[in-house]
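File shown here: run_29.cif, holding mmCIF, C-alpha atoms and all ligand atoms.
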data_work
loop_
_atom_site.label_atom_id
_atom_site.label_comp_id
_atom_site.auth_asym_id
_atom_site.auth_seq_id
_atom_site.Cartn_x
_atom_site.Cartn_y
_atom_site.Cartn_z
CA MET A 116 -63.89 -57.97 60.72
CA SER A 117 -67.09 -57.37 62.63
CA ALA A 118 -69.44 -55.87 60.14
CA ASP A 119 -72.78 -56.11 61.92
CA GLN A 120 -72.92 -52.33 62.12
CA ARG A 121 -72.65 -52.17 58.34
CA ASP A 122 -76.22 -53.38 58.09
CA GLY A 123 -77.52 -51.16 60.84
CA PHE A 124 -79.14 -54.06 62.73
CA PRO A 125 -77.79 -56.77 64.97
CA GLY A 126 -77.03 -60.14 63.46
CA PRO A 127 -74.09 -62.19 62.37
CA PRO A 128 -71.19 -60.29 60.85
CA MET A 129 -71.58 -59.91 57.08
CA PHE A 130 -68.66 -60.43 54.78
CA GLU A 131 -68.22 -59.14 51.27
CA ILE A 132 -67.54 -61.93 48.77
CA VAL A 133 -66.28 -60.96 45.33
CA ILE A 134 -66.61 -63.66 42.66
CA ALA A 135 -65.16 -62.81 39.26
CA GLY A 136 -66.18 -59.19 39.69
CA HIS A 137 -69.65 -59.89 41.15
CA GLY A 138 -70.41 -58.97 44.74
CA LEU A 139 -72.25 -61.03 47.35
CA ARG A 140 -72.84 -60.40 51.04
CA CYS A 141 -72.49 -63.54 53.10
CA PRO A 142 -73.03 -63.85 56.85
CA ALA A 143 -70.38 -65.49 59.02
CA GLU A 144 -71.34 -69.19 59.26
CA GLY A 145 -73.16 -68.90 55.90
CA ARG A 146 -72.08 -71.09 53.00
CA VAL A 147 -71.15 -69.00 49.98
CA LEU A 148 -73.08 -70.99 47.35
CA LEU A 149 -76.27 -71.31 49.40
CA GLU A 150 -76.18 -67.59 50.20
CA MET A 151 -75.72 -66.76 46.52
CA GLU A 152 -78.69 -68.94 45.63
CA ARG A 153 -80.85 -67.53 48.41
CA GLN A 154 -80.20 -64.04 47.06
CA GLY A 155 -81.24 -65.07 43.56
CA LYS A 156 -77.75 -64.65 42.09
CA LYS A 157 -76.30 -66.98 39.52
CA PHE A 158 -72.62 -66.37 39.03
CA LEU A 159 -71.64 -69.89 40.10
CA PRO A 160 -73.35 -73.08 38.93
CA VAL A 161 -75.32 -74.94 41.62
CA GLY A 162 -75.32 -78.72 41.76
CA CYS A 163 -75.66 -80.99 44.79
CA ARG A 164 -74.97 -78.32 47.46
CA GLY A 165 -73.23 -81.02 49.48
CA GLY A 166 -69.57 -80.97 48.45
CA GLY A 167 -70.00 -84.00 46.22
CA CYS A 168 -70.36 -83.04 42.57
CA GLY A 169 -67.61 -80.44 42.21
CA ILE A 170 -69.56 -78.10 39.95
CA CYS A 171 -69.19 -75.11 42.31
CA ARG A 172 -65.39 -75.38 42.58
CA VAL A 173 -63.62 -72.07 43.19
CA GLU A 174 -60.17 -70.76 43.97
CA VAL A 175 -59.89 -68.38 46.90
CA LEU A 176 -57.58 -65.56 45.90
CA ARG A 177 -57.80 -63.55 49.11
CA GLY A 178 -59.29 -63.82 52.60
CA ARG A 179 -59.76 -66.21 55.52
CA TYR A 180 -62.26 -69.06 55.49
CA ARG A 181 -62.91 -72.61 56.54
CA THR A 182 -64.36 -75.51 54.61
CA LEU A 183 -66.70 -78.35 55.52
CA LYS A 184 -65.96 -81.85 54.24
CA MET A 185 -65.54 -81.87 50.45
CA SER A 186 -65.14 -84.67 47.90
CA ARG A 187 -61.41 -85.38 47.53
CA LEU A 188 -62.08 -86.18 43.91
CA HIS A 189 -62.73 -82.49 43.32
CA VAL A 190 -60.43 -80.85 45.86
CA SER A 191 -57.35 -82.85 46.80
CA VAL A 192 -55.43 -82.14 50.00
CA GLU A 193 -52.81 -80.32 47.94
CA GLU A 194 -55.42 -78.26 46.05
CA GLN A 195 -57.13 -77.38 49.30
CA ARG A 196 -53.78 -76.12 50.62
CA ARG A 197 -53.42 -73.97 47.49
CA GLY A 198 -56.81 -72.33 48.09
CA PHE A 199 -59.22 -74.45 46.04
CA ALA A 200 -62.61 -75.15 47.59
CA LEU A 201 -66.21 -76.04 46.81
CA ALA A 202 -68.35 -72.94 47.27
CA CYS A 203 -71.19 -74.96 48.82
CA ARG A 204 -68.80 -75.99 51.63
CA LEU A 205 -67.02 -72.66 51.95
CA VAL A 206 -67.63 -70.60 55.10
CA PRO A 207 -66.08 -67.11 55.12
CA GLU A 208 -64.17 -65.76 58.12
CA SER A 209 -63.35 -62.45 56.42
CA ASP A 210 -64.11 -60.73 53.13
CA LEU A 211 -63.16 -63.05 50.27
CA GLU A 212 -62.16 -62.82 46.65
CA LEU A 213 -62.94 -65.92 44.59
CA ARG A 214 -62.44 -67.16 41.06
CA PRO A 215 -64.66 -69.87 39.53
CA ALA A 216 -62.46 -72.93 38.98
CA ARG A 217 -64.73 -75.68 37.71
CA ARG A 218 -62.64 -78.59 36.56
CA GLN A 219 -63.25 -79.61 32.97
CA ALA A 220 -64.66 -83.13 32.66
CA HIS A 221 -61.75 -85.42 31.92
CA MET B 290 -92.94 -118.98 37.92
CA ALA B 291 -92.14 -117.14 34.74
CA LEU B 292 -89.46 -114.87 36.17
CA THR B 293 -86.05 -116.54 36.09
CA GLY B 294 -82.39 -115.53 36.00
CA VAL B 295 -81.85 -112.00 37.28
CA LEU B 296 -84.82 -111.06 39.48
CA ARG B 297 -84.30 -107.44 40.41
CA ALA B 298 -82.02 -104.63 41.53
CA GLY B 299 -81.15 -105.85 45.03
CA PHE B 300 -78.68 -103.46 46.58
CA VAL B 301 -76.59 -100.37 46.06
CA GLN B 302 -73.47 -99.48 48.04
CA LEU B 303 -72.94 -95.74 48.29
CA ARG B 304 -70.07 -93.69 49.66
CA VAL B 305 -70.90 -90.80 51.98
CA LEU B 306 -68.73 -88.08 53.49
CA ASP B 307 -70.30 -88.16 56.94
CA MET B 308 -72.15 -91.22 58.25
CA LYS B 309 -74.11 -89.40 60.93
CA GLU B 310 -75.55 -86.87 58.47
CA ALA B 311 -76.22 -89.68 55.99
CA LEU B 312 -78.21 -91.67 58.55
CA THR B 313 -80.39 -88.69 59.43
CA HIS B 314 -81.09 -88.36 55.71
CA TYR B 315 -81.68 -92.00 54.75
CA VAL B 316 -83.36 -93.18 57.96
CA ASP B 317 -85.25 -90.17 59.36
CA ARG B 318 -86.07 -88.38 56.10
CA ILE B 319 -86.38 -91.07 53.41
CA GLY B 320 -87.63 -93.50 56.05
CA LEU B 321 -85.38 -96.53 55.50
CA GLU B 322 -84.93 -99.01 58.34
CA LEU B 323 -81.53 -99.19 60.02
CA VAL B 324 -80.58 -102.89 59.87
CA ASP B 325 -77.14 -102.82 61.44
CA GLN B 326 -73.65 -101.43 61.36
CA GLY B 327 -70.93 -103.86 60.23
CA ARG B 328 -67.55 -104.23 61.93
CA ASP B 329 -65.89 -102.37 59.07
CA GLY B 330 -68.17 -99.35 59.63
CA ARG B 331 -70.51 -99.94 56.71
CA VAL B 332 -74.15 -99.36 57.58
CA TYR B 333 -76.95 -101.54 56.21
CA LEU B 334 -80.45 -100.23 55.49
CA ARG B 335 -83.62 -101.41 53.81
CA GLY B 336 -87.08 -100.19 52.88
CA TYR B 337 -89.82 -101.24 55.28
CA ASP B 338 -91.58 -103.31 52.63
CA GLU B 339 -88.54 -105.36 51.57
CA PHE B 340 -88.23 -109.03 52.58
CA ASP B 341 -84.46 -109.26 52.18
CA ARG B 342 -82.12 -108.16 54.95
CA HIS B 343 -80.77 -105.00 53.34
CA SER B 344 -80.77 -103.07 50.10
CA VAL B 345 -78.72 -99.94 50.78
CA ILE B 346 -75.19 -100.02 52.14
CA LEU B 347 -73.47 -96.81 53.18
CA ARG B 348 -69.70 -96.52 53.49
CA GLU B 349 -67.93 -93.46 54.81
CA ALA B 350 -65.25 -92.28 52.37
CA ASP B 351 -63.53 -89.09 51.25
CA ALA B 352 -65.43 -88.89 47.95
CA PRO B 353 -69.13 -89.74 47.45
CA GLY B 354 -70.48 -91.95 44.64
CA MET B 355 -71.36 -95.59 44.09
CA ASP B 356 -69.13 -98.55 44.92
CA ALA B 357 -71.32 -101.21 43.35
CA MET B 358 -74.84 -102.18 42.42
CA GLY B 359 -76.03 -105.73 43.09
CA PHE B 360 -78.73 -107.76 41.36
CA LYS B 361 -80.36 -110.81 42.87
CA VAL B 362 -80.63 -113.97 40.76
CA ALA B 363 -83.24 -116.69 41.31
CA ARG B 364 -80.99 -119.70 41.99
CA LYS B 365 -77.43 -120.44 43.09
CA ASP B 366 -76.77 -122.17 39.76
CA ASP B 367 -77.52 -118.92 37.98
CA LEU B 368 -74.30 -117.47 39.38
CA LYS B 369 -72.25 -120.12 37.56
CA THR B 370 -74.21 -119.75 34.35
CA TYR B 371 -73.89 -115.98 34.31
CA ALA B 372 -70.21 -116.08 35.31
CA ALA B 373 -69.53 -118.25 32.26
CA ARG B 374 -71.58 -116.06 29.93
CA ILE B 375 -69.94 -112.88 31.22
CA LYS B 376 -66.47 -114.38 30.68
CA ASP B 377 -67.48 -115.47 27.18
CA TYR B 378 -68.55 -111.94 26.47
CA GLY B 379 -65.04 -110.86 27.41
CA LEU B 380 -65.33 -109.33 30.87
CA LYS B 381 -63.30 -110.44 33.86
CA VAL B 382 -65.39 -112.02 36.60
CA GLY B 383 -64.33 -111.79 40.24
CA LYS B 384 -65.71 -113.51 43.32
CA VAL B 385 -66.80 -112.07 46.63
CA ALA B 386 -66.94 -114.50 49.54
CA ALA B 387 -70.19 -115.22 51.35
CA GLY B 388 -70.51 -113.02 54.40
CA GLU B 389 -68.50 -110.11 53.01
CA GLN B 390 -71.80 -108.31 53.46
CA PRO B 391 -73.48 -109.81 56.53
CA GLY B 392 -76.28 -112.17 55.60
CA VAL B 393 -75.35 -112.32 51.91
CA GLY B 394 -74.12 -115.43 50.09
CA LYS B 395 -71.42 -115.66 47.42
CA ARG B 396 -71.37 -112.89 44.86
CA ILE B 397 -69.78 -112.53 41.46
CA CYS B 398 -68.57 -109.11 40.33
CA PHE B 399 -67.50 -107.50 37.09
CA VAL B 400 -66.89 -104.04 35.66
CA ILE B 401 -69.06 -103.15 32.69
CA PRO B 402 -67.93 -100.91 29.78
CA SER B 403 -69.39 -97.80 31.47
CA GLY B 404 -66.93 -98.35 34.34
CA HIS B 405 -69.50 -99.44 36.94
CA ARG B 406 -69.01 -102.41 39.23
CA ILE B 407 -71.97 -104.76 39.03
CA GLU B 408 -72.51 -107.79 41.24
CA LEU B 409 -74.84 -110.78 41.20
CA TYR B 410 -75.87 -112.83 44.22
CA ALA B 411 -78.40 -115.56 44.86
CA GLU B 412 -78.85 -115.56 48.61
CA MET B 413 -79.62 -112.96 51.20
CA GLU B 414 -81.08 -113.56 54.65
CA ARG B 415 -84.65 -112.53 55.26
CA ALA B 416 -85.12 -109.30 57.19
CA LYS B 417 -85.84 -109.80 60.90
CA ASN B 418 -88.69 -107.32 60.89
CA GLY B 419 -89.66 -107.69 57.28
CA PRO B 420 -93.17 -107.25 55.90
CA LEU B 421 -95.84 -109.40 57.52
CA ILE B 422 -96.92 -112.50 55.63
CA GLU B 423 -99.82 -113.87 57.64
CA ASN B 424 -102.98 -111.80 57.39
CA PRO B 425 -100.51 -109.08 56.52
CA ASP B 426 -101.07 -105.55 57.68
CA MET B 427 -99.67 -102.81 55.46
CA TRP B 428 -96.69 -102.38 57.81
CA ARG B 429 -95.50 -103.31 61.29
CA GLU B 430 -94.87 -99.78 62.50
CA ASP B 431 -96.11 -96.67 60.80
CA PRO B 432 -93.53 -95.68 58.19
CA ARG B 433 -91.33 -92.62 58.79
CA GLY B 434 -90.42 -89.62 56.72
CA MET B 435 -91.01 -90.09 52.99
CA ARG B 436 -92.25 -93.64 53.71
CA ALA B 437 -90.07 -95.30 51.06
CA LEU B 438 -91.25 -98.89 50.49
CA ARG B 439 -88.14 -100.20 48.80
CA PHE B 440 -84.94 -99.50 46.92
CA ASP B 441 -86.02 -99.65 43.30
CA HIS B 442 -83.35 -98.76 40.70
CA CYS B 443 -80.28 -96.67 39.88
CA LEU B 444 -79.40 -94.38 37.02
CA LEU B 445 -75.71 -94.51 36.19
CA TYR B 446 -73.64 -92.26 33.94
CA GLY B 447 -70.72 -93.38 31.84
CA PRO B 448 -69.36 -94.06 28.34
CA ASN B 449 -70.17 -96.91 25.89
CA ILE B 450 -73.95 -96.94 26.37
CA PRO B 451 -74.73 -99.07 23.28
CA GLU B 452 -72.28 -101.69 24.51
CA VAL B 453 -73.69 -101.63 28.04
CA SER B 454 -77.21 -101.97 26.65
CA LYS B 455 -76.13 -104.94 24.56
CA PHE B 456 -74.35 -106.55 27.53
CA PHE B 457 -77.39 -106.33 29.79
CA THR B 458 -79.78 -107.66 27.16
CA LYS B 459 -77.59 -110.36 25.55
CA VAL B 460 -75.64 -111.57 28.58
CA LEU B 461 -77.80 -110.84 31.64
CA ASP B 462 -81.17 -111.40 29.87
CA PHE B 463 -82.52 -107.93 30.64
CA ALA B 464 -84.92 -106.23 28.25
CA LEU B 465 -84.46 -102.76 26.85
CA ALA B 466 -87.76 -101.14 27.87
CA GLU B 467 -86.93 -97.68 26.66
CA THR B 468 -84.13 -96.04 24.70
CA VAL B 469 -82.96 -92.59 23.60
CA GLU B 470 -81.64 -92.40 20.07
CA THR B 471 -79.80 -89.48 18.51
CA PRO B 472 -78.38 -89.18 15.00
CA ASP B 473 -75.08 -90.21 16.60
CA GLY B 474 -76.55 -93.33 18.19
CA GLN B 475 -78.02 -94.54 21.47
CA ILE B 476 -77.31 -92.23 24.42
CA ALA B 477 -79.51 -93.77 27.12
CA ALA B 478 -80.84 -97.23 27.99
CA PHE B 479 -83.62 -98.14 30.45
CA LEU B 480 -83.22 -101.79 31.28
CA THR B 481 -85.54 -104.16 33.14
CA CYS B 482 -85.29 -107.78 34.27
CA ASN B 483 -88.88 -108.06 35.50
CA ASN B 484 -92.22 -106.21 35.27
CA LYS B 485 -90.82 -102.82 36.32
CA ALA B 486 -90.16 -100.14 33.72
CA HIS B 487 -86.48 -100.26 34.76
CA ASP B 488 -84.14 -101.81 37.30
CA VAL B 489 -81.16 -99.86 36.05
CA ALA B 490 -80.66 -97.12 33.50
CA PHE B 491 -77.59 -95.67 31.83
CA VAL B 492 -76.96 -92.27 30.28
CA MET B 493 -73.95 -91.36 28.17
CA HIS B 494 -71.26 -89.38 29.98
CA LYS B 495 -67.56 -88.79 29.31
CA ASP B 496 -66.30 -89.91 32.72
CA PRO B 497 -66.72 -93.57 33.64
CA ALA B 498 -68.36 -95.04 36.75
CA LYS B 499 -70.47 -91.99 37.64
CA PHE B 500 -73.52 -92.17 39.86
CA HIS B 501 -76.63 -90.19 38.96
CA HIS B 502 -79.25 -91.42 41.42
CA ALA B 503 -80.62 -94.21 43.57
CA SER B 504 -84.39 -94.38 43.58
CA PHE B 505 -86.91 -95.46 46.18
CA LEU B 506 -90.52 -96.41 45.60
CA LEU B 507 -93.41 -94.55 47.23
CA ASP B 508 -97.07 -95.53 47.28
CA SER B 509 -98.64 -92.64 45.44
CA TRP B 510 -98.42 -89.19 43.91
CA HIS B 511 -99.61 -87.87 47.30
CA ASP B 512 -96.53 -89.38 48.89
CA VAL B 513 -94.37 -87.58 46.32
CA GLY B 514 -96.03 -84.36 47.52
CA HIS B 515 -95.38 -85.31 51.13
CA ALA B 516 -91.72 -85.95 50.24
CA ALA B 517 -91.60 -82.46 48.72
CA ASP B 518 -92.94 -81.01 51.98
CA LEU B 519 -90.21 -82.80 53.94
CA ILE B 520 -87.57 -81.56 51.50
CA ALA B 521 -88.78 -78.00 52.05
CA ARG B 522 -89.18 -78.34 55.82
CA TYR B 523 -85.76 -79.86 56.46
CA ASN B 524 -83.84 -77.86 53.83
CA ILE B 525 -82.89 -80.96 51.90
CA SER B 526 -81.07 -80.00 48.70
CA ARG B 527 -83.74 -80.30 46.01
CA ASP B 528 -82.84 -81.00 42.40
CA ILE B 529 -86.15 -80.99 40.51
CA GLY B 530 -89.79 -81.91 40.99
CA PRO B 531 -92.40 -82.94 41.87
CA THR B 532 -92.83 -83.74 38.21
CA ARG B 533 -93.27 -86.72 35.89
CA HIS B 534 -90.99 -88.54 33.51
CA GLY B 535 -92.14 -89.26 29.96
CA ILE B 536 -89.66 -92.14 30.07
CA THR B 537 -91.04 -94.86 32.42
CA ARG B 538 -93.96 -92.50 33.33
CA GLY B 539 -92.83 -92.26 36.94
CA GLN B 540 -94.12 -89.42 39.13
CA THR B 541 -91.06 -88.16 40.86
CA ILE B 542 -88.98 -85.77 42.91
CA TYR B 543 -85.16 -85.56 42.98
CA PHE B 544 -82.93 -84.35 45.77
CA PHE B 545 -79.42 -84.85 47.12
CA ASP B 546 -78.13 -86.59 50.22
CA PRO B 547 -75.84 -84.51 52.48
CA SER B 548 -72.76 -85.77 50.57
CA GLY B 549 -74.14 -84.79 47.16
CA ASN B 550 -75.38 -88.20 45.97
CA ARG B 551 -78.67 -87.76 44.14
CA ASN B 552 -81.78 -89.61 45.32
CA GLU B 553 -85.19 -90.01 43.77
CA VAL B 554 -88.48 -91.01 45.33
CA PHE B 555 -91.20 -91.88 42.87
CA ALA B 556 -94.57 -93.53 42.36
CA GLY B 557 -96.19 -95.10 39.32
CA GLY B 558 -94.57 -96.17 36.09
CA TYR B 559 -95.89 -98.71 33.64
CA VAL B 560 -95.84 -102.50 33.82
CA TYR B 561 -93.33 -104.06 31.46
CA TYR B 562 -93.89 -107.46 29.85
CA PRO B 563 -91.32 -109.45 27.90
CA ASP B 564 -93.39 -108.96 24.75
CA SER B 565 -93.60 -105.17 25.14
CA PRO B 566 -92.00 -103.32 22.24
CA VAL B 567 -89.04 -101.00 22.90
CA ARG B 568 -90.20 -97.40 23.41
CA THR B 569 -87.95 -94.86 21.72
CA TRP B 570 -87.33 -91.19 22.40
CA THR B 571 -85.61 -89.01 19.83
CA ALA B 572 -83.15 -86.25 20.67
CA ASP B 573 -85.58 -83.46 19.70
CA GLN B 574 -88.20 -84.73 22.19
CA LEU B 575 -85.82 -85.64 24.97
CA GLY B 576 -86.91 -82.73 27.18
CA LYS B 577 -90.41 -84.19 27.32
CA GLY B 578 -88.98 -87.68 27.79
CA ILE B 579 -87.08 -86.65 30.89
CA PHE B 580 -89.38 -83.99 32.35
CA TYR B 581 -92.81 -84.49 30.89
CA TYR B 582 -94.33 -81.27 32.27
CA GLU B 583 -91.38 -78.88 31.95
CA LYS B 584 -90.50 -80.30 28.50
CA GLU B 585 -87.00 -79.00 28.80
CA LEU B 586 -83.66 -80.44 29.74
CA ASN B 587 -81.97 -79.09 32.78
CA GLU B 588 -78.23 -78.73 32.97
CA ARG B 589 -78.01 -79.88 36.55
CA PHE B 590 -79.91 -83.09 35.86
CA LEU B 591 -77.74 -83.80 32.84
CA GLY B 592 -74.36 -82.87 34.24
CA VAL B 593 -74.26 -83.19 38.03
CA VAL B 594 -73.09 -86.59 39.25
CA THR B 595 -70.92 -88.12 41.96
S1 LIG A 601 -72.78 -77.88 44.38
FE1 LIG A 601 -71.99 -79.93 44.29
S2 LIG A 601 -70.03 -79.67 45.18
FE2 LIG A 601 -70.93 -77.71 45.47
FE FE A 602 -85.05 -92.93 38.49
#
I need this file expressed as structure tokens, please.
Amino acid sequence: MSADQRDGFPGPPMFEIVIAGHGLRCPAEGRVLLEMERQGKKFLPVGCRGGGCGICRVEVLRGRYRTLKMSRLHVSVEEQRRGFALACRLVPESDLELRPARRQAH
Amino acid sequence: MALTGVLRAGFVQLRVLDMKEALTHYVDRIGLELVDQGRDGRVYLRGYDEFDRHSVILREADAPGMDAMGFKVARKDDLKTYAARIKDYGLKVGKVAAGEQPGVGKRICFVIPSGHRIELYAEMERAKNGPLIENPDMWREDPRGMRALRFDHCLLYGPNIPEVSKFFTKVLDFALAETVETPDGQIAAFLTCNNKAHDVAFVMHKDPAKFHHASFLLDSWHDVGHAADLIARYNISRDIGPTRHGITRGQTIYFFDPSGNRNEVFAGGYVYYPDSPVRTWTADQLGKGIFYYEKELNERFLGVVT
């Protein structure tokens, strides 16, 4: 969805990210967690911002996206296939609906 | 020479998700020297002011964290002595052949009760372009980036802290420089084998074998400020600081490498002597112990590890 007109000025398309009922606008090529932080929002915990610590783990319920390299300790191949991701490595390709899915320390 | 047995924290082997990004971070930003890349893909680095060949080893893997931390002992015989003492204590001791890391002699390895793999070695080749020793200038080439002089220490997270503290002091002859005591017992140990305030530290954590940070020494508080400028300029993921620790008194800033491993660069800290008393922090003052200026604990610093 090309949404640049939504903002009334040229720029990357903006996607609407819904996380547990909270809204966030994230540009294409933006990383969800970094965008959230940049906008001063706090509905996901922020840790390393590098796909290593797992604290920002989410489940994508709806939408298209890609992910950058993530620690396999926190998102296995199988979990990735089922829609789990680390929000700091999550790049939207459409509007998204997410659910926080931080793994409990074992 | 009064310093015998274990001399210092000598190396740390870290796993990274992407080697190219990691090298930009460790070489261009922190300022470590690139020593070489081994046949198995591991990359060897060292601080410009270190005499030994390497002190940081990076290995590309699908999950970040620490593979092992190595301590250098004074003499080859020490390896035998410590191997026997570690076995007596009840831990299994393994051997790593000379040359497994280029330029490094035989190592012994063991897993401590916090789940971390620790190694001891006696021999490492001298760095080719190490610090000057005749009418020595400060450095050969002007240092890059944060201008880290050397790898200094690690903080590791895991269970069984009182046992780990006892192991390092009773078996490896470290001293407990500083400790954190709660009504439920010891939850952190800052351990030294020389004049530094710590060579390794441990904090209680449910999961074993977790890595909190690897730390690099800077010259001064001004350099900590310069590191902060680089962190801002290059959008390095900052954790906290510049600030100061009550514990060890280091002036510090924390940030993450591109794979999420935490790093510290710091200056200062007190000089430890074998006759120094143990310094103790209590749970109610722990905020000040960890962040002396903020005086409050921070969830990310306490909970985020690789
Ligand atoms: S913040 Fe550490 S994995 Fe996302
Ligand atoms: Fe430290």
Inset, instruction - Write out as a count of residues only each polymer residue whose atoms come within 12 Å of stretch 559-571 of chain B, counting only C-alpha atoms; drop sequence neighbours fewer than 4 positions from it. - result: 42
Inset, instruction - For B:Pro353, work out the shell of residues within 8 Å, counting only C-alpha atoms and skipping chain neighbours fewer than 3 positions away, then give it as a list in words. - result: Gly167 and Ser186 of chain A; Leu303, Arg304, Val305, Leu306, Ala350, Ser548, Gly549, Asn550 and Thr595 of chain B
Inset, instruction - For chain A, work out the contacting residues on chain B at 9 Å, counting all atoms listed in the file, and write them as a ChimeraX atom specification. - result: /B:305-307,350-354,495-496,526-528,544-551,589-590,592-595
Inset, instruction - Please indicate the distance in Å from atom CA of B:Ala386 to atom CA of B:Phe399, rounded to one decimal place. - result: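 Going from atom CA of B:Ala386 over to atom CA of B:Phe399 covers 14.3 Å.
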Inset, instruction - List all protein, DNA and RNA residues that have an atom no more than 8 Å from any atom of ligand FE 602 (chain A), counting all atoms listed in the file, and report them as an NGL selection string. - result: :B and (442-444 or 490 or 502-504 or 539 or 553-555)
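Our summary of the geometry notes that atom CA of B:Gly530 is positioned 21.4 Å from atom CA of B:Val316.
When only C-alpha atoms and all ligand atoms are used to compute distances to ligand LIG 601 (chain A), the closest of the residues A:Met151, A:His137, A:Arg196, A:Gly178 turns out to be A:Met151.
For the residues A:Val133, A:Leu213, A:Leu159, A:Val173, ranking by smallest atom-to-atom distance to A:Gln195 using all atoms listed in the file places A:Val173 first.
Once A:Glu212 and its same-chain neighbours fewer than 5 positions away are set aside, A:Ile132, A:Val133, A:Ile134, A:Ala135, A:Val175, A:Leu176, A:Arg177, A:Gly178 remain within 8 Å of it when counting only C-alpha atoms.
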Inset, instruction - Can you pull out every residue within 7 Å of B:Val295, counting all atoms listed in the file, but drop anything in the same chain fewer than 4 positions away, and send it as a PyMOL selection string? - result: chain B and resi 360-363+482
Inset, instruction - To one decimal in Å, tell me the separation between atom CA of B:Ile401 and atom CA of B:Leu380. - result: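 Separating atom CA of B:Ile401 from atom CA of B:Leu380 is a distance of 7.4 Å.
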